[in-house]
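Accompanying notes for the structure given below.
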Amino acid sequence: MKPARLVVATLSLLTLAGVWLFAAPFGLGYQPLGAPWGNATVDDLATGGALILIGLGSLITYCVLSTRDLLARTKPDPASDAR
Amino acid sequence: MSKPIVTVVASLAAALVGGWLMLAPFALGYRHAGTAWNHPTEVDFWTGVGVVVLALVALAASLASIRTELRVRGALPQPLRRAERQERKAAARAAKAAALAGQAGAGTGQGAPGGGPGGGPPTSAELRELLAPLVVALLSDLKTTEAETSGQAGNHLSGADPRPAPRTWS
């Protein structure tokens, strides 16, 4: 696997880990709905949110930079357009 | 080039978050010491382990990507194949052997073929001509030093110098 693909795959998995952390307190039942949030729930939500931010933010930045590179490579030559 | 830097920063941040996830149950006290691990502790710890592993994989891949990019740009040398490496070693060995043969020829007074001012290793006559002023300067320096030391010894003992006269270099 090429390094770039591996990076994108791992960043996507990190984002999914953040989503899992967000859902775990409610999905696994250690935070009943309606009850005040405990330490574990607050920590899981904060850490999960941070992971989602890091993963999604870097993925979006990566996509934007890749698109910019692609556009710069496929930019038509102005000299050939003038002819 | 900025893409791998973004991913390096993101993976480092993710590794820190993973480390915090592993520590949080103990630091925040929702897992009491000496008791069995409860559900939140297990979730946080094992998710933290997974996050750290993923972050390290992403970091390694980003660094590999940076290295590839630097090689493409010429900032790092291209990796050599085994055949090229062996060829280079053989060439270096041959060059060393040729240099040693040239030195041996110069030592016996036979200049290496093709040697001289036009290029190639210098002959022994040229070397002698080059080194002669250096040898003369060294000898005069040695004479001066010996004369100074013998003069000091004579003053200190306030008598005749028992040592033999300094050698004369002719």
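Letters A, B, ... mark the chains of the structure tokens in the order given; residue numbers begin at 1 per chain; ligand numbers begin at 1, in order shown.
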For chain A against chain B, which residues fall within 7 Å using only C-alpha atoms, given as a ChimeraX atom specification?
-> /A:3-4,6-7,10,14,39-40,47,51,54,58,62,65
Please give the complete set of residues from chain A that DSSP, run on the backbone, assigns to helix (DSSP H, G or I), formatted as a PyMOL selection string.
-> chain A and resi 3-27+39-73+78-82
Selection: 12 Å around A:Ala35, only C-alpha atoms, excl. self and same-chain fewer than 6 positions, as an MDAnalysis selection string | chainID A and resid 25:26 29 41
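Between atom CA of A:Gly18 and atom CA of A:Gly57 the separation is 12.6 Å.
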Interatomic distance (Å, one decimal) between atom CA of B:Val49 and atom CA of A:Ala17 = 11.0 Å
Using only C-alpha atoms, the best pick from A:Gly49, A:Gly38, A:Pro76, A:Gly55 as closest to A:Ala23 would be A:Gly49
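Between A:Asp43 and the candidates A:Val64, A:Leu13, A:Ala24, A:Met1, the tightest atom-to-atom separation, counting only C-alpha atoms, involves A:Ala24.
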